[in-house]
Amino acid sequence: MERVRARDADAFEALYDRYHRLVYGVALRVLSDAPSAEDVTQAIFMKLWTNPSIFTVGNFSAWIVRVARNRALDALRARAARPEEELPQTLCAEDALEDAALAQIDAQTLRSALAQLPEEQRRLIELGFFGGVTHHEMARTTGVPLGTVKTRIRSGLRRLRAALDGVVSV
Amino acid sequence: MISHDEMLDNVAIYALGALPPAEAAAVAAHLQTCAECRREYELLRPAVTAAGASAQADAGASPSPLLKARLMREVRDQTRTIRRTPMWGVYLAAAACVAFAIGAVLTNLSLHNRQAQQSALISDLTAANAKHYRFAGGEVVVHDGRLYIAMHALPPPPAGKVYQAWTLPKGSHRMTPEQTFMPSGSGPTIVEVPVSSATVAAVAVSVEPLGGSKQPTSKPIALAVL
């Protein structure tokens, strides 16, 4: 990112090559529409080029996953005429596992780890991340009590974290 | 007032990004003062990232290469407004190599004509108002309606293969086959594509069987959207 900030087009191209499938994949999962996912991908990378200061410090992989998710959700909400939010600033926490998880594990392994969660936990996690659904909405639409929704999400994330610990040497 | 156990559940929902704004703000404020909840957040956040990253597109489901071409054209255009065209020096310094590269297509021309064409080519490539559409390993240069593909340090193709240029006419969805060519050795390989640049929407290069193909049989190794 330092080289991108210095307006190095080759560095930007390398950044695109490294992360475009991640951004596009998250956007496609949220939007279920390839042209719209490409629009989101283009918007994010163009924003990174024109205003690289939107990412300051921290974990770039974690940041761009959330940016892709939030931008794609914005695109969904735009259909309901909600205003777009700005790209989020960098997340505050540093976590070596987060870098390691994305650097060492391919998406297939991550999908396998997710698939090993109990269905009721995985579904809520996916609804929250890719669907942009709040826990209140999850409880309402699934008929599961709010407290149970919360517990399942927390338990599922803890299981997923433990699964990552099992395959990543930190 | 919620219990601390409930707050820990809310921290998980917050990490997932599934809390309404008011509740998210309350958790964010709480994280500033509660070490236990902060540890929980930092424990769970990588799991959320991993859940998101599990959606990474496989190589076969990547976005169109035209997306990258569009992005990089805009990026290169912006950098060109900041600095002088960086390839000028390379082309001038590699004039001898350029002459070698075009030698094959000029062998039937008289020495006089050859020198004139060589001068015109170098003039086009280094013109201040030439447009440069870069891709990894080279660029397409357009000047005065003429269109060139410049490949830097192009390796020899596999045995029985050649490189082939393609153009996408404006308004068309089918690539038009252009000439085949081989690398020029150690210098840049310059190929003039015999079409008017005004009629072309994109230029590509692929590896094809000897003699060339009517339709691309492999993914392009270079693609530039004009």
# chains A, B, ... in the order shown; residues from 1 in each chain; ligands from 1
>>> select_by_dssp(residues="range 11-94 of chain A", states="alpha helix (DSSP H)", output="number ranges by chain")
A: 11-31, 34-50, 60-78
>>> write_last_selection(atoms="C-alpha atoms", output="PDB file, in the first residue's frame")
ATOM      1  CA  ALA A  11       2.105  -1.776  -7.285  1.00  0.00           C
ATOM      2  CA  PHE A  12      -1.593  -1.092  -7.744  1.00  0.00           C
ATOM      3  CA  GLU A  13      -1.766  -3.772 -10.432  1.00  0.00           C
ATOM      4  CA  ALA A  14      -0.086  -6.252  -8.066  1.00  0.00           C
ATOM      5  CA  LEU A  15      -2.578  -5.301  -5.355  1.00  0.00           C
ATOM      6  CA  TYR A  16      -5.439  -5.921  -7.763  1.00  0.00           C
ATOM      7  CA  ASP A  17      -4.001  -9.278  -8.823  1.00  0.00           C
ATOM      8  CA  ARG A  18      -3.659 -10.326  -5.194  1.00  0.00           C
ATOM      9  CA  TYR A  19      -7.071  -9.275  -3.924  1.00  0.00           C
ATOM     10  CA  HIS A  20      -9.527  -8.981  -6.822  1.00  0.00           C
ATOM     11  CA  ARG A  21     -10.922 -12.521  -6.477  1.00  0.00           C
ATOM     12  CA  LEU A  22     -11.464 -11.957  -2.773  1.00  0.00           C
ATOM     13  CA  VAL A  23     -13.319  -8.678  -3.305  1.00  0.00           C
ATOM     14  CA  TYR A  24     -15.284  -9.989  -6.260  1.00  0.00           C
ATOM     15  CA  GLY A  25     -16.159 -13.249  -4.488  1.00  0.00           C
ATOM     16  CA  VAL A  26     -17.527 -11.487  -1.416  1.00  0.00           C
ATOM     17  CA  ALA A  27     -19.481  -9.008  -3.558  1.00  0.00           C
ATOM     18  CA  LEU A  28     -20.868 -11.806  -5.710  1.00  0.00           C
ATOM     19  CA  ARG A  29     -21.958 -13.748  -2.626  1.00  0.00           C
ATOM     20  CA  VAL A  30     -23.827 -10.709  -1.309  1.00  0.00           C
ATOM     21  CA  LEU A  31     -25.337  -9.566  -4.594  1.00  0.00           C
ATOM     22  CA  ALA A  34     -21.943 -10.909 -11.574  1.00  0.00           C
ATOM     23  CA  PRO A  35     -22.219  -7.488 -13.292  1.00  0.00           C
ATOM     24  CA  SER A  36     -23.133  -5.800 -10.009  1.00  0.00           C
ATOM     25  CA  ALA A  37     -20.279  -7.619  -8.243  1.00  0.00           C
ATOM     26  CA  GLU A  38     -17.886  -6.363 -10.920  1.00  0.00           C
ATOM     27  CA  ASP A  39     -19.193  -2.823 -10.413  1.00  0.00           C
ATOM     28  CA  VAL A  40     -18.519  -3.100  -6.682  1.00  0.00           C
ATOM     29  CA  THR A  41     -15.055  -4.543  -7.309  1.00  0.00           C
ATOM     30  CA  GLN A  42     -14.215  -1.732  -9.707  1.00  0.00           C
ATOM     31  CA  ALA A  43     -15.525   0.924  -7.316  1.00  0.00           C
ATOM     32  CA  ILE A  44     -13.451  -0.396  -4.422  1.00  0.00           C
ATOM     33  CA  PHE A  45     -10.192  -0.618  -6.337  1.00  0.00           C
ATOM     34  CA  MET A  46     -10.741   2.741  -7.991  1.00  0.00           C
ATOM     35  CA  LYS A  47     -11.383   4.276  -4.584  1.00  0.00           C
ATOM     36  CA  LEU A  48      -8.185   2.671  -3.293  1.00  0.00           C
ATOM     37  CA  TRP A  49      -6.270   4.231  -6.167  1.00  0.00           C
ATOM     38  CA  THR A  50      -7.791   7.697  -5.973  1.00  0.00           C
ATOM     39  CA  PHE A  60      -5.375  -5.095   4.871  1.00  0.00           C
ATOM     40  CA  SER A  61      -6.942  -8.479   4.161  1.00  0.00           C
ATOM     41  CA  ALA A  62      -9.432  -8.139   6.983  1.00  0.00           C
ATOM     42  CA  TRP A  63     -10.152  -4.563   5.966  1.00  0.00           C
ATOM     43  CA  ILE A  64     -10.840  -5.309   2.337  1.00  0.00           C
ATOM     44  CA  VAL A  65     -13.075  -8.282   3.149  1.00  0.00           C
ATOM     45  CA  ARG A  66     -15.273  -5.972   5.207  1.00  0.00           C
ATOM     46  CA  VAL A  67     -15.103  -3.188   2.643  1.00  0.00           C
ATOM     47  CA  ALA A  68     -16.247  -5.606  -0.045  1.00  0.00           C
ATOM     48  CA  ARG A  69     -19.067  -6.818   2.164  1.00  0.00           C
ATOM     49  CA  ASN A  70     -20.179  -3.324   3.164  1.00  0.00           C
ATOM     50  CA  ARG A  71     -19.972  -1.933  -0.361  1.00  0.00           C
ATOM     51  CA  ALA A  72     -21.966  -4.838  -1.731  1.00  0.00           C
ATOM     52  CA  LEU A  73     -24.588  -4.389   0.982  1.00  0.00           C
ATOM     53  CA  ASP A  74     -24.689  -0.680   0.096  1.00  0.00           C
ATOM     54  CA  ALA A  75     -25.434  -1.673  -3.485  1.00  0.00           C
ATOM     55  CA  LEU A  76     -28.281  -3.859  -2.259  1.00  0.00           C
ATOM     56  CA  ARG A  77     -29.629  -1.095  -0.057  1.00  0.00           C
ATOM     57  CA  ALA A  78     -29.343   1.437  -2.871  1.00  0.00           C
TER      58      ALA A  78
END
>>> interface_residues(of="chain B", to="chain A", cutoff="6 Å", atoms="only C-alpha atoms", output="list in words")
Asp9, Ala12, Ala18, Leu19, Leu44, Pro46, Ala47, Thr49, Ser54, Ala55, Gln56, Ala57 and Ser62 of chain B
>>> atom_distance(atom1="CA of Cys37 in chain B", atom2="CA of Thr142 in chain A")
27.6 Å
>>> atom_distance(atom1="CA of Ile149 in chain B", atom2="CA of Trp166 in chain B")
10.3 Å
>>> residues_around(residues="range 177-185 of chain B", least_positions_apart="2", cutoff="7 Å", atoms="only C-alpha atoms", output="PyMOL selection string")
chain B and resi 100-101+154-156+162-167+175+187-189+212+214-215
>>> atom_distance(atom1="CA of Arg76 in chain B", atom2="CA of Ser196 in chain B")
22.6 Å
>>> closest_residue(among="B:Ala127, B:Val11, B:Val48, B:Leu16", to="His30 in chain B", atoms="only C-alpha atoms")
B:Val11
